[in-house]
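Enquirer: Following this line is model_37.txt, made up of compact mmCIF, C-alpha atoms:
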# COMPACT_ATOMS: atom_id res chain seq x y z
CA MET A 1 -45.83 68.92 46.78
CA GLU A 2 -49.29 68.16 48.23
CA PHE A 3 -50.88 69.75 45.16
CA ARG A 4 -48.84 67.43 42.92
CA HIS A 5 -50.04 64.40 44.89
CA ARG A 6 -53.66 65.53 44.45
CA ILE A 7 -53.13 65.92 40.69
CA ALA A 8 -51.58 62.46 40.49
CA ALA A 9 -54.49 60.97 42.45
CA ALA A 10 -56.96 62.65 40.12
CA VAL A 11 -55.18 61.21 37.09
CA VAL A 12 -55.32 57.72 38.67
CA LEU A 13 -59.05 58.14 39.40
CA LEU A 14 -59.71 59.23 35.81
CA ALA A 15 -57.86 56.18 34.54
CA ALA A 16 -60.08 53.97 36.68
CA VAL A 17 -63.24 55.64 35.37
CA VAL A 18 -62.32 55.17 31.71
CA ALA A 19 -60.97 51.63 32.11
CA ALA A 20 -61.18 49.22 29.16
CA PRO A 21 -64.76 48.71 27.91
CA ALA A 22 -66.69 45.66 29.12
CA HIS A 23 -66.92 42.65 26.81
CA ALA A 24 -70.04 40.53 26.44
CA GLN A 25 -70.84 36.94 25.54
CA VAL A 26 -74.41 36.41 24.42
CA THR A 27 -77.02 33.61 24.35
CA PHE A 28 -80.74 33.75 23.69
CA ASN A 29 -81.52 34.62 27.33
CA SER A 30 -78.27 35.80 28.91
CA VAL A 31 -75.34 38.16 28.53
CA THR A 32 -71.97 37.62 30.22
CA LEU A 33 -70.08 40.84 30.97
CA SER A 34 -66.45 41.29 31.95
CA TRP A 35 -64.49 44.31 33.17
CA THR A 36 -61.27 45.39 34.83
CA THR A 37 -61.87 46.14 38.52
CA PRO A 38 -60.76 49.57 39.84
CA GLY A 39 -59.46 50.18 43.38
CA ASP A 40 -60.80 51.72 46.55
CA ASP A 41 -59.13 55.07 45.78
CA GLY A 42 -58.96 55.44 42.03
CA ALA A 43 -56.83 52.52 40.86
CA VAL A 44 -55.32 51.91 44.32
CA GLY A 45 -56.60 49.49 46.93
CA LYS A 46 -59.71 47.34 46.83
CA ALA A 47 -63.29 48.56 46.20
CA THR A 48 -66.29 47.40 48.21
CA SER A 49 -69.21 46.83 45.85
CA PHE A 50 -70.56 47.02 42.30
CA ASP A 51 -73.89 48.31 40.99
CA LEU A 52 -74.70 46.84 37.58
CA ARG A 53 -77.76 48.07 35.69
CA TYR A 54 -79.36 46.99 32.41
CA SER A 55 -82.18 48.26 30.21
CA THR A 56 -83.63 47.93 26.74
CA SER A 57 -83.08 51.70 26.38
CA PRO A 58 -79.69 53.43 26.33
CA ILE A 59 -78.42 54.13 29.87
CA THR A 60 -77.02 57.50 30.88
CA ALA A 61 -75.81 59.03 34.13
CA THR A 62 -79.26 60.60 34.44
CA ASN A 63 -81.37 57.43 34.09
CA PHE A 64 -78.89 54.95 35.62
CA GLU A 65 -80.95 54.53 38.79
CA ALA A 66 -84.09 53.81 36.75
CA ALA A 67 -82.52 50.86 34.93
CA THR A 68 -82.96 47.33 36.28
CA ARG A 69 -80.35 46.36 38.88
CA TRP A 70 -78.64 42.97 38.68
CA THR A 71 -78.20 42.02 42.31
CA THR A 72 -76.09 38.86 41.98
CA MET A 73 -72.75 40.61 41.71
CA PRO A 74 -69.30 39.42 42.75
CA ILE A 75 -67.33 41.15 45.52
CA PRO A 76 -64.73 43.45 43.97
CA GLY A 77 -61.33 41.87 43.60
CA THR A 78 -57.96 43.51 43.78
CA SER A 79 -57.50 46.53 41.54
CA GLY A 80 -56.63 45.50 37.99
CA VAL A 81 -58.14 42.01 37.99
CA LYS A 82 -60.70 40.88 35.43
CA GLN A 83 -64.15 40.05 36.78
CA THR A 84 -67.30 38.74 35.14
CA VAL A 85 -71.01 38.28 35.74
CA THR A 86 -73.77 36.65 33.71
CA VAL A 87 -77.12 38.43 33.55
CA THR A 88 -79.86 35.85 32.91
CA GLY A 89 -83.61 35.83 32.33
CA LEU A 90 -83.40 38.10 29.28
CA SER A 91 -85.71 37.98 26.27
CA PRO A 92 -84.54 36.50 22.94
CA THR A 93 -83.62 38.76 20.01
CA THR A 94 -83.65 41.87 22.21
CA THR A 95 -81.03 44.63 22.48
CA TYR A 96 -79.87 45.42 26.03
CA TYR A 97 -77.67 48.17 27.42
CA PHE A 98 -75.43 47.67 30.47
CA ALA A 99 -73.60 50.08 32.79
CA ILE A 100 -71.79 49.65 36.10
CA LYS A 101 -70.60 51.75 39.02
CA THR A 102 -68.12 50.90 41.76
CA ALA A 103 -68.24 52.01 45.41
CA ASP A 104 -65.74 52.07 48.27
CA GLU A 105 -66.51 51.53 51.96
CA VAL A 106 -67.65 55.12 52.60
CA PRO A 107 -69.40 54.70 50.12
CA ASN A 108 -67.95 56.92 47.43
CA TRP A 109 -69.49 55.98 44.07
CA ALA A 110 -67.50 56.09 40.85
CA PRO A 111 -69.05 57.80 37.86
CA ILE A 112 -71.01 55.62 35.42
CA SER A 113 -68.93 53.27 33.28
CA ASN A 114 -68.95 53.05 29.53
CA ILE A 115 -72.17 51.55 28.12
CA ALA A 116 -71.98 47.96 26.86
CA GLN A 117 -74.58 46.90 24.32
CA ALA A 118 -75.59 43.39 23.24
CA THR A 119 -78.46 41.74 21.37
CA THR A 120 -79.58 38.34 22.56
CA THR A 121 -79.83 35.57 19.99
CA GLN A 122 -82.93 33.77 18.77
CA ALA A 123 -84.26 31.17 21.18
CA PRO A 124 -83.55 27.56 20.19
CA ASP A 125 -86.49 25.58 18.82
CA ASN A 126 -87.02 22.77 21.32
CA LEU A 127 -90.78 22.43 20.83
CA ARG A 128 -91.65 19.45 18.66
CA PRO A 129 -94.77 18.96 16.54
CA ALA A 130 -97.84 17.47 18.21
CA PRO A 131 -98.57 13.79 17.49
CA LEU A 132 -100.71 13.09 14.44
CA ALA A 133 -104.17 11.54 14.76
CA LEU A 134 -104.60 9.11 11.86
CA SER A 135 -107.81 7.62 10.58
CA ILE A 136 -108.56 5.12 7.82
CA THR A 137 -111.11 6.74 5.54
CA ALA A 138 -111.36 4.05 2.84
CA SER A 139 -109.94 0.71 1.79
CA THR A 140 -110.00 -1.59 -1.23
CA ASP A 141 -108.61 -5.04 -1.83
CA THR A 142 -105.12 -3.59 -2.35
CA SER A 143 -105.14 -0.07 -0.86
CA ALA A 144 -105.91 1.95 2.24
CA THR A 145 -106.56 5.69 2.45
CA LEU A 146 -105.27 7.51 5.54
CA GLY A 147 -106.62 10.89 6.67
CA TRP A 148 -105.38 13.32 9.33
CA THR A 149 -105.30 16.97 10.36
CA ALA A 150 -101.89 18.61 9.95
CA VAL A 151 -100.03 19.57 13.12
CA GLY A 152 -97.66 22.51 13.45
CA ASP A 153 -93.95 23.20 13.61
CA ASP A 154 -94.32 24.01 17.31
CA SER A 155 -96.97 21.63 18.62
CA LEU A 156 -100.14 22.92 16.90
CA THR A 157 -98.66 26.19 15.60
CA GLY A 158 -96.99 26.82 12.25
CA THR A 159 -96.14 24.23 9.62
CA ALA A 160 -94.14 21.04 10.13
CA ALA A 161 -91.32 20.15 7.73
CA SER A 162 -91.96 16.50 6.85
CA TYR A 163 -93.90 13.31 7.60
CA ASP A 164 -92.71 9.76 8.16
CA ILE A 165 -95.66 7.43 7.54
CA ARG A 166 -95.21 3.67 8.08
CA PHE A 167 -97.28 0.51 7.73
CA SER A 168 -96.87 -3.11 8.76
CA THR A 169 -98.75 -6.38 9.14
CA ALA A 170 -97.72 -6.37 12.82
CA PRO A 171 -98.79 -3.77 15.41
CA ILE A 172 -96.51 -0.70 15.30
CA THR A 173 -94.95 0.74 18.47
CA ALA A 174 -92.40 3.44 19.20
CA ALA A 175 -89.79 0.68 19.51
CA ASN A 176 -90.38 -0.94 16.10
CA PHE A 177 -91.53 2.10 14.13
CA ALA A 178 -88.27 2.36 12.17
CA THR A 179 -88.54 -1.26 10.97
CA ALA A 180 -92.02 -0.81 9.49
CA THR A 181 -92.37 -0.11 5.76
CA GLN A 182 -92.22 3.56 4.86
CA ALA A 183 -95.06 4.76 2.67
CA PRO A 184 -94.07 6.15 -0.74
CA SER A 185 -95.02 9.65 -1.89
CA GLU A 186 -95.64 11.13 1.55
CA PRO A 187 -97.23 14.59 1.19
CA THR A 188 -95.59 17.81 2.32
CA PRO A 189 -97.15 19.01 5.59
CA GLY A 190 -99.73 21.75 5.28
CA PRO A 191 -100.29 24.52 7.82
CA ALA A 192 -101.60 23.35 11.18
CA GLY A 193 -105.29 22.46 10.91
CA THR A 194 -105.17 21.47 7.23
CA SER A 195 -106.91 18.19 6.26
CA GLN A 196 -104.52 15.83 4.49
CA SER A 197 -104.60 12.27 3.16
CA LEU A 198 -102.49 9.56 1.57
CA VAL A 199 -103.45 6.44 -0.40
CA ILE A 200 -101.16 3.49 0.29
CA ARG A 201 -101.31 1.00 -2.58
CA ASP A 202 -100.05 -2.48 -3.50
CA LEU A 203 -101.38 -4.11 -0.35
CA THR A 204 -102.42 -7.77 -0.11
CA ARG A 205 -106.07 -8.89 0.00
CA GLN A 206 -107.56 -10.17 3.23
CA THR A 207 -104.59 -8.93 5.27
CA THR A 208 -104.60 -6.77 8.40
CA TYR A 209 -102.37 -3.69 8.19
CA TYR A 210 -101.33 -1.25 10.92
CA PHE A 211 -100.42 2.39 10.24
CA ALA A 212 -98.48 5.03 12.21
CA ALA A 213 -96.77 8.35 11.53
CA LYS A 214 -94.47 11.00 12.93
CA ALA A 215 -93.98 14.67 12.00
CA THR A 216 -90.65 16.53 12.02
CA ASP A 217 -90.05 20.30 12.17
CA ASP A 218 -87.30 22.36 10.51
CA ALA A 219 -85.12 22.11 13.61
CA GLY A 220 -85.19 18.32 13.51
CA ASN A 221 -87.60 17.92 16.43
CA VAL A 222 -89.65 14.75 15.91
CA SER A 223 -93.18 14.30 17.24
CA ALA A 224 -94.28 11.43 19.39
CA LEU A 225 -95.78 8.41 17.64
CA SER A 226 -99.30 8.86 16.31
CA ASN A 227 -102.17 6.54 17.12
CA VAL A 228 -101.99 3.19 15.31
CA PRO A 229 -105.20 2.47 13.33
CA SER A 230 -105.57 -0.83 11.50
CA VAL A 231 -107.67 -2.22 8.68
CA THR A 232 -108.16 -5.64 7.08
CA THR A 233 -108.26 -5.40 3.32
CA PRO A 234 -111.33 -7.12 1.84
CA ASP A 235 -111.57 -9.65 -0.97
CA THR A 236 -114.19 -8.38 -3.36
CA MET A 237 -112.87 -10.16 -6.44
CA ALA A 238 -115.12 -13.09 -7.49
CA PRO A 239 -113.75 -16.12 -9.33
CA ALA A 240 -113.33 -15.66 -13.05
CA ALA A 241 -116.26 -16.73 -15.27
CA ILE A 242 -115.95 -20.12 -16.96
CA ARG A 243 -115.59 -19.61 -20.72
CA ASP A 244 -115.17 -23.20 -22.00
CA LEU A 245 -118.38 -24.92 -20.89
CA ALA A 246 -119.26 -27.80 -23.36
CA ILE A 247 -121.53 -30.91 -23.57
CA GLY A 248 -119.52 -34.11 -23.47
CA TRP A 249 -120.21 -38.02 -23.64
CA LEU A 250 -122.74 -39.58 -21.30
CA PHE A 251 -122.49 -43.35 -20.36
CA MET A 252 -125.79 -45.08 -19.61
CA GLY A 253 -126.46 -48.67 -18.54
CA TRP A 254 -129.58 -50.76 -17.73
CA HIS A 255 -130.77 -54.34 -17.16
CA GLY A 256 -132.92 -55.93 -19.88
CA ILE A 257 -135.19 -58.91 -19.56
CA ALA A 258 -132.76 -61.17 -21.34
CA GLY A 259 -129.85 -60.04 -19.16
CA LEU A 260 -127.59 -57.08 -18.59
CA ARG A 261 -127.16 -54.90 -21.56
CA GLU A 262 -125.13 -51.71 -21.83
CA ARG A 263 -125.23 -48.94 -24.35
CA SER A 264 -123.21 -45.77 -24.76
CA ILE A 265 -124.96 -42.78 -26.12
CA GLY A 266 -123.02 -39.98 -27.53
CA ILE A 267 -124.43 -36.52 -26.94
CA ASP A 268 -122.98 -33.64 -28.87
Can you dump the structure from the file as structure tokens?
Expert:
Amino acid sequence: MEFRHRIAAAVVLLAAVVAAPAHAQVTFNSVTLSWTTPGDDGAVGKATSFDLRYSTSPITATNFEAATRWTTMPIPGTSGVKQTVTVTGLSPTTTYYFAIKTADEVPNWAPISNIAQATTTQAPDNLRPAPLALSITASTDTSATLGWTAVGDDSLTGTAASYDIRFSTAPITAANFATATQAPSEPTPGPAGTSQSLVIRDLTRQTTYYFAAKATDDAGNVSALSNVPSVTTPDTMAPAAIRDLAIGWLFMGWHGIAGLRERSIGID
């Protein structure tokens, strides 16, 4: 009879060792693992502690102790309950392997669990382009040429996706940027460090204009407002030449000795 009890206990212990595989939820820097908790003695009772390890190399019973230990573990619950833990501080787009052991109060350590594997996702793009530095390189009566050095997708790295260039006869600020006139034919951003320019036409003579711009990356991150240079368009157009100059009639008058006399002289 005692032998039968030992066999039954061994079967229960084996069932605890090969419990359902852990499931994982993944972000760019974390993996959430879940498992079914075994007992103190096989699947009976309540265990004392967990030892969860992770590595970028496959984990085995031999190298388990060499893998990184995740120390923020829950206290084991009652046998059969589902428990979870989230391992954070991981690197994006990296494959990790996870394994766990359970101990009782002695401590007797269970064999290594199954190996869970997960690959973290790509990190979100939260880094916006750097602000543009505009300059006015030329102007005519009805145009202004803007110049700048292209910024990147991530601050000063990479290539931004688009520009939003605006102009107005009133100073431009972050608050009124959207109400300023958008420049037509904005160029596609070049790689960071590229010199770029845009000629804005159809301006009015002898008028002060203000210019500002923003850059957007492919994730929709918008840069801060650029500097706001201004220029007053000149008036270099002289009056038109007179083309109908002619000699007309001249009226002359004088006093003679015998009295006032007047004479009109026609000059052709």
Enquirer: Identify the residues around (-106.8, 10.0, 14.7) within a radius of 12 Å, measuring from all atoms listed in the file in the coordinates stated by the file, and give them as number ranges by chain.
Expert: A: 131-137, 146-151, 195-197, 211-213, 225-230
Enquirer: Please indicate the distance in Å from CA of Pro129 in chain A to CA of Thr169 in chain A, rounded to one decimal place.
Expert: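 We find that CA of Pro129 in chain A and CA of Thr169 in chain A lie 26.7 Å from each other.
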Enquirer: Taking 5 positions as the minimum chain separation for residues in the same chain, which residues sit within 10 Å of Pro92 in chain A when counting only C-alpha atoms? Answer as a list of chain:residue names.
Expert: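 Here the answer would be A:Thr27, A:Phe28, A:Asn29, A:Ser30, A:Thr119, A:Thr120, A:Thr121, A:Gln122, A:Ala123, A:Pro124.
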Enquirer: Tell me, in Å to one decimal, how far CA of Val26 in chain A is from CA of Ala118 in chain A.
Expert: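 Computed distance, CA of Val26 in chain A to CA of Ala118 in chain A, equals 7.2 Å.
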Enquirer: So which residues fall inside 8 Å of (-72.3, 47.7, 41.7) if we count all atoms listed in the file? Mind giving them as a list in words?
Expert: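 All residues meeting the 8 Å criterion around (-72.3, 47.7, 41.7) are Ser49, Phe50, Asp51, Leu52, Met73, Ile100, Lys101, Thr102 and Ala103 of chain A.
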Enquirer: Give me the residues within 10 Å of Ile165 in chain A as a ChimeraX atom specification, counting only C-alpha atoms and dropping any in the same chain fewer than 3 places off.
Expert: /A:146,162,177,180-187,198,200,211-215,226
Enquirer: Save out the residues we just selected, C-alpha atoms, as a PDB file, in the coordinates of the input.
Expert:
ATOM      1  CA  LEU A 146    -105.270   7.510   5.540  1.00  0.00           C
ATOM      2  CA  SER A 162     -91.960  16.500   6.850  1.00  0.00           C
ATOM      3  CA  PHE A 177     -91.530   2.100  14.130  1.00  0.00           C
ATOM      4  CA  ALA A 180     -92.020  -0.810   9.490  1.00  0.00           C
ATOM      5  CA  THR A 181     -92.370  -0.110   5.760  1.00  0.00           C
ATOM      6  CA  GLN A 182     -92.220   3.560   4.860  1.00  0.00           C
ATOM      7  CA  ALA A 183     -95.060   4.760   2.670  1.00  0.00           C
ATOM      8  CA  PRO A 184     -94.070   6.150  -0.740  1.00  0.00           C
ATOM      9  CA  SER A 185     -95.020   9.650  -1.890  1.00  0.00           C
ATOM     10  CA  GLU A 186     -95.640  11.130   1.550  1.00  0.00           C
ATOM     11  CA  PRO A 187     -97.230  14.590   1.190  1.00  0.00           C
ATOM     12  CA  LEU A 198    -102.490   9.560   1.570  1.00  0.00           C
ATOM     13  CA  ILE A 200    -101.160   3.490   0.290  1.00  0.00           C
ATOM     14  CA  PHE A 211    -100.420   2.390  10.240  1.00  0.00           C
ATOM     15  CA  ALA A 212     -98.480   5.030  12.210  1.00  0.00           C
ATOM     16  CA  ALA A 213     -96.770   8.350  11.530  1.00  0.00           C
ATOM     17  CA  LYS A 214     -94.470  11.000  12.930  1.00  0.00           C
ATOM     18  CA  ALA A 215     -93.980  14.670  12.000  1.00  0.00           C
ATOM     19  CA  SER A 226     -99.300   8.860  16.310  1.00  0.00           C
TER      20      SER A 226
END
Enquirer: Given the choices A:Gly158, A:Trp35, A:Ala174, A:Ile59, which gets closest to Pro76 in chain A if the distance is worked out from only C-alpha atoms?
Expert: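 Using only C-alpha atoms, Pro76 in chain A sits closest to A:Trp35.
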Enquirer: Would you kindly return, as number ranges by chain, each protein, DNA or RNA residue with an atom no farther than 12 Å from any atom of range 232-242 of chain A, considering all atoms listed in the file and excluding same-chain residues fewer than 6 positions away?
Expert: A: 136, 138-145, 168-170, 200-211
Enquirer: Restricting it to C-alpha atoms, dump the selection as a CSV table (one decimal), in the frame of the given file.
Expert:
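Output file result_14.csv follows:
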chain,number,residue,atom,x,y,z
A,136,ILE,CA,-108.6,5.1,7.8
A,138,ALA,CA,-111.4,4.0,2.8
A,139,SER,CA,-109.9,0.7,1.8
A,140,THR,CA,-110.0,-1.6,-1.2
A,141,ASP,CA,-108.6,-5.0,-1.8
A,142,THR,CA,-105.1,-3.6,-2.4
A,143,SER,CA,-105.1,-0.1,-0.9
A,144,ALA,CA,-105.9,2.0,2.2
A,145,THR,CA,-106.6,5.7,2.4
A,168,SER,CA,-96.9,-3.1,8.8
A,169,THR,CA,-98.8,-6.4,9.1
A,170,ALA,CA,-97.7,-6.4,12.8
A,200,ILE,CA,-101.2,3.5,0.3
A,201,ARG,CA,-101.3,1.0,-2.6
A,202,ASP,CA,-100.0,-2.5,-3.5
A,203,LEU,CA,-101.4,-4.1,-0.4
A,204,THR,CA,-102.4,-7.8,-0.1
A,205,ARG,CA,-106.1,-8.9,0.0
A,206,GLN,CA,-107.6,-10.2,3.2
A,207,THR,CA,-104.6,-8.9,5.3
A,208,THR,CA,-104.6,-6.8,8.4
A,209,TYR,CA,-102.4,-3.7,8.2
A,210,TYR,CA,-101.3,-1.2,10.9
A,211,PHE,CA,-100.4,2.4,10.2
Enquirer: Between A:Ala161, A:Thr94, A:Gln117, A:Gly45, which one has atoms that come closest to Val81 in chain A, using all atoms listed in the file?
Expert: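 The closest residue to Val81 in chain A is A:Gly45.
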Enquirer: Return range 188-214 of chain A, completed with N, CA and C atoms, as a PDB file, keeping the file's coordinate frame.
Expert:
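Okay, out26.pdb is ready:
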ATOM      1  N   THR A 188     -96.219  16.741   1.533  1.00  0.00           N
ATOM      2  CA  THR A 188     -95.590  17.810   2.320  1.00  0.00           C
ATOM      3  C   THR A 188     -96.598  18.323   3.342  1.00  0.00           C
ATOM      4  N   PRO A 189     -96.187  18.526   4.585  1.00  0.00           N
ATOM      5  CA  PRO A 189     -97.150  19.010   5.590  1.00  0.00           C
ATOM      6  C   PRO A 189     -97.765  20.350   5.195  1.00  0.00           C
ATOM      7  N   GLY A 190     -99.054  20.478   5.460  1.00  0.00           N
ATOM      8  CA  GLY A 190     -99.730  21.750   5.280  1.00  0.00           C
ATOM      9  C   GLY A 190     -99.716  22.527   6.583  1.00  0.00           C
ATOM     10  N   PRO A 191    -100.193  23.756   6.570  1.00  0.00           N
ATOM     11  CA  PRO A 191    -100.290  24.520   7.820  1.00  0.00           C
ATOM     12  C   PRO A 191    -101.145  23.782   8.852  1.00  0.00           C
ATOM     13  N   ALA A 192    -100.854  24.019  10.109  1.00  0.00           N
ATOM     14  CA  ALA A 192    -101.600  23.350  11.180  1.00  0.00           C
ATOM     15  C   ALA A 192    -103.097  23.530  10.983  1.00  0.00           C
ATOM     16  N   GLY A 193    -103.847  22.417  11.092  1.00  0.00           N
ATOM     17  CA  GLY A 193    -105.290  22.460  10.910  1.00  0.00           C
ATOM     18  C   GLY A 193    -105.759  22.042   9.537  1.00  0.00           C
ATOM     19  N   THR A 194    -104.806  21.867   8.585  1.00  0.00           N
ATOM     20  CA  THR A 194    -105.170  21.470   7.230  1.00  0.00           C
ATOM     21  C   THR A 194    -105.511  19.979   7.184  1.00  0.00           C
ATOM     22  N   SER A 195    -106.567  19.607   6.451  1.00  0.00           N
ATOM     23  CA  SER A 195    -106.910  18.190   6.260  1.00  0.00           C
ATOM     24  C   SER A 195    -106.026  17.610   5.174  1.00  0.00           C
ATOM     25  N   GLN A 196    -105.401  16.461   5.455  1.00  0.00           N
ATOM     26  CA  GLN A 196    -104.520  15.830   4.490  1.00  0.00           C
ATOM     27  C   GLN A 196    -104.812  14.329   4.421  1.00  0.00           C
ATOM     28  N   SER A 197    -104.342  13.701   3.344  1.00  0.00           N
ATOM     29  CA  SER A 197    -104.600  12.270   3.160  1.00  0.00           C
ATOM     30  C   SER A 197    -103.499  11.643   2.332  1.00  0.00           C
ATOM     31  N   LEU A 198    -103.457  10.311   2.355  1.00  0.00           N
ATOM     32  CA  LEU A 198    -102.490   9.560   1.570  1.00  0.00           C
ATOM     33  C   LEU A 198    -103.089   8.188   1.270  1.00  0.00           C
ATOM     34  N   VAL A 199    -103.011   7.771  -0.006  1.00  0.00           N
ATOM     35  CA  VAL A 199    -103.450   6.440  -0.400  1.00  0.00           C
ATOM     36  C   VAL A 199    -102.229   5.534  -0.475  1.00  0.00           C
ATOM     37  N   ILE A 200    -102.245   4.469   0.314  1.00  0.00           N
ATOM     38  CA  ILE A 200    -101.160   3.490   0.290  1.00  0.00           C
ATOM     39  C   ILE A 200    -101.618   2.304  -0.535  1.00  0.00           C
ATOM     40  N   ARG A 201    -100.886   1.999  -1.602  1.00  0.00           N
ATOM     41  CA  ARG A 201    -101.310   1.000  -2.580  1.00  0.00           C
ATOM     42  C   ARG A 201    -100.452  -0.268  -2.490  1.00  0.00           C
ATOM     43  N   ASP A 202    -100.787  -1.214  -3.361  1.00  0.00           N
ATOM     44  CA  ASP A 202    -100.050  -2.480  -3.500  1.00  0.00           C
ATOM     45  C   ASP A 202    -100.083  -3.308  -2.224  1.00  0.00           C
ATOM     46  N   LEU A 203    -101.201  -3.270  -1.517  1.00  0.00           N
ATOM     47  CA  LEU A 203    -101.380  -4.110  -0.350  1.00  0.00           C
ATOM     48  C   LEU A 203    -101.917  -5.475  -0.773  1.00  0.00           C
ATOM     49  N   THR A 204    -101.948  -6.408   0.166  1.00  0.00           N
ATOM     50  CA  THR A 204    -102.420  -7.770  -0.110  1.00  0.00           C
ATOM     51  C   THR A 204    -103.852  -7.931   0.379  1.00  0.00           C
ATOM     52  N   ARG A 205    -104.676  -8.666  -0.390  1.00  0.00           N
ATOM     53  CA  ARG A 205    -106.070  -8.890   0.000  1.00  0.00           C
ATOM     54  C   ARG A 205    -106.153  -9.681   1.293  1.00  0.00           C
ATOM     55  N   GLN A 206    -107.232  -9.440   2.003  1.00  0.00           N
ATOM     56  CA  GLN A 206    -107.560 -10.170   3.230  1.00  0.00           C
ATOM     57  C   GLN A 206    -106.375 -10.207   4.208  1.00  0.00           C
ATOM     58  N   THR A 207    -105.743  -9.049   4.372  1.00  0.00           N
ATOM     59  CA  THR A 207    -104.590  -8.930   5.270  1.00  0.00           C
ATOM     60  C   THR A 207    -104.798  -7.723   6.181  1.00  0.00           C
ATOM     61  N   THR A 208    -104.472  -7.879   7.461  1.00  0.00           N
ATOM     62  CA  THR A 208    -104.600  -6.770   8.400  1.00  0.00           C
ATOM     63  C   THR A 208    -103.323  -5.937   8.381  1.00  0.00           C
ATOM     64  N   TYR A 209    -103.493  -4.636   8.212  1.00  0.00           N
ATOM     65  CA  TYR A 209    -102.370  -3.690   8.190  1.00  0.00           C
ATOM     66  C   TYR A 209    -102.530  -2.669   9.314  1.00  0.00           C
ATOM     67  N   TYR A 210    -101.394  -2.268   9.865  1.00  0.00           N
ATOM     68  CA  TYR A 210    -101.330  -1.250  10.920  1.00  0.00           C
ATOM     69  C   TYR A 210    -100.580  -0.037  10.356  1.00  0.00           C
ATOM     70  N   PHE A 211    -100.992   1.161  10.770  1.00  0.00           N
ATOM     71  CA  PHE A 211    -100.420   2.390  10.240  1.00  0.00           C
ATOM     72  C   PHE A 211    -100.031   3.321  11.382  1.00  0.00           C
ATOM     73  N   ALA A 212     -98.928   4.052  11.209  1.00  0.00           N
ATOM     74  CA  ALA A 212     -98.480   5.030  12.210  1.00  0.00           C
ATOM     75  C   ALA A 212     -97.658   6.105  11.509  1.00  0.00           C
ATOM     76  N   ALA A 213     -97.491   7.237  12.155  1.00  0.00           N
ATOM     77  CA  ALA A 213     -96.770   8.350  11.530  1.00  0.00           C
ATOM     78  C   ALA A 213     -96.121   9.237  12.584  1.00  0.00           C
ATOM     79  N   LYS A 214     -95.102   9.961  12.128  1.00  0.00           N
ATOM     80  CA  LYS A 214     -94.470  11.000  12.930  1.00  0.00           C
ATOM     81  C   LYS A 214     -94.288  12.233  12.066  1.00  0.00           C
TER      82      LYS A 214
END
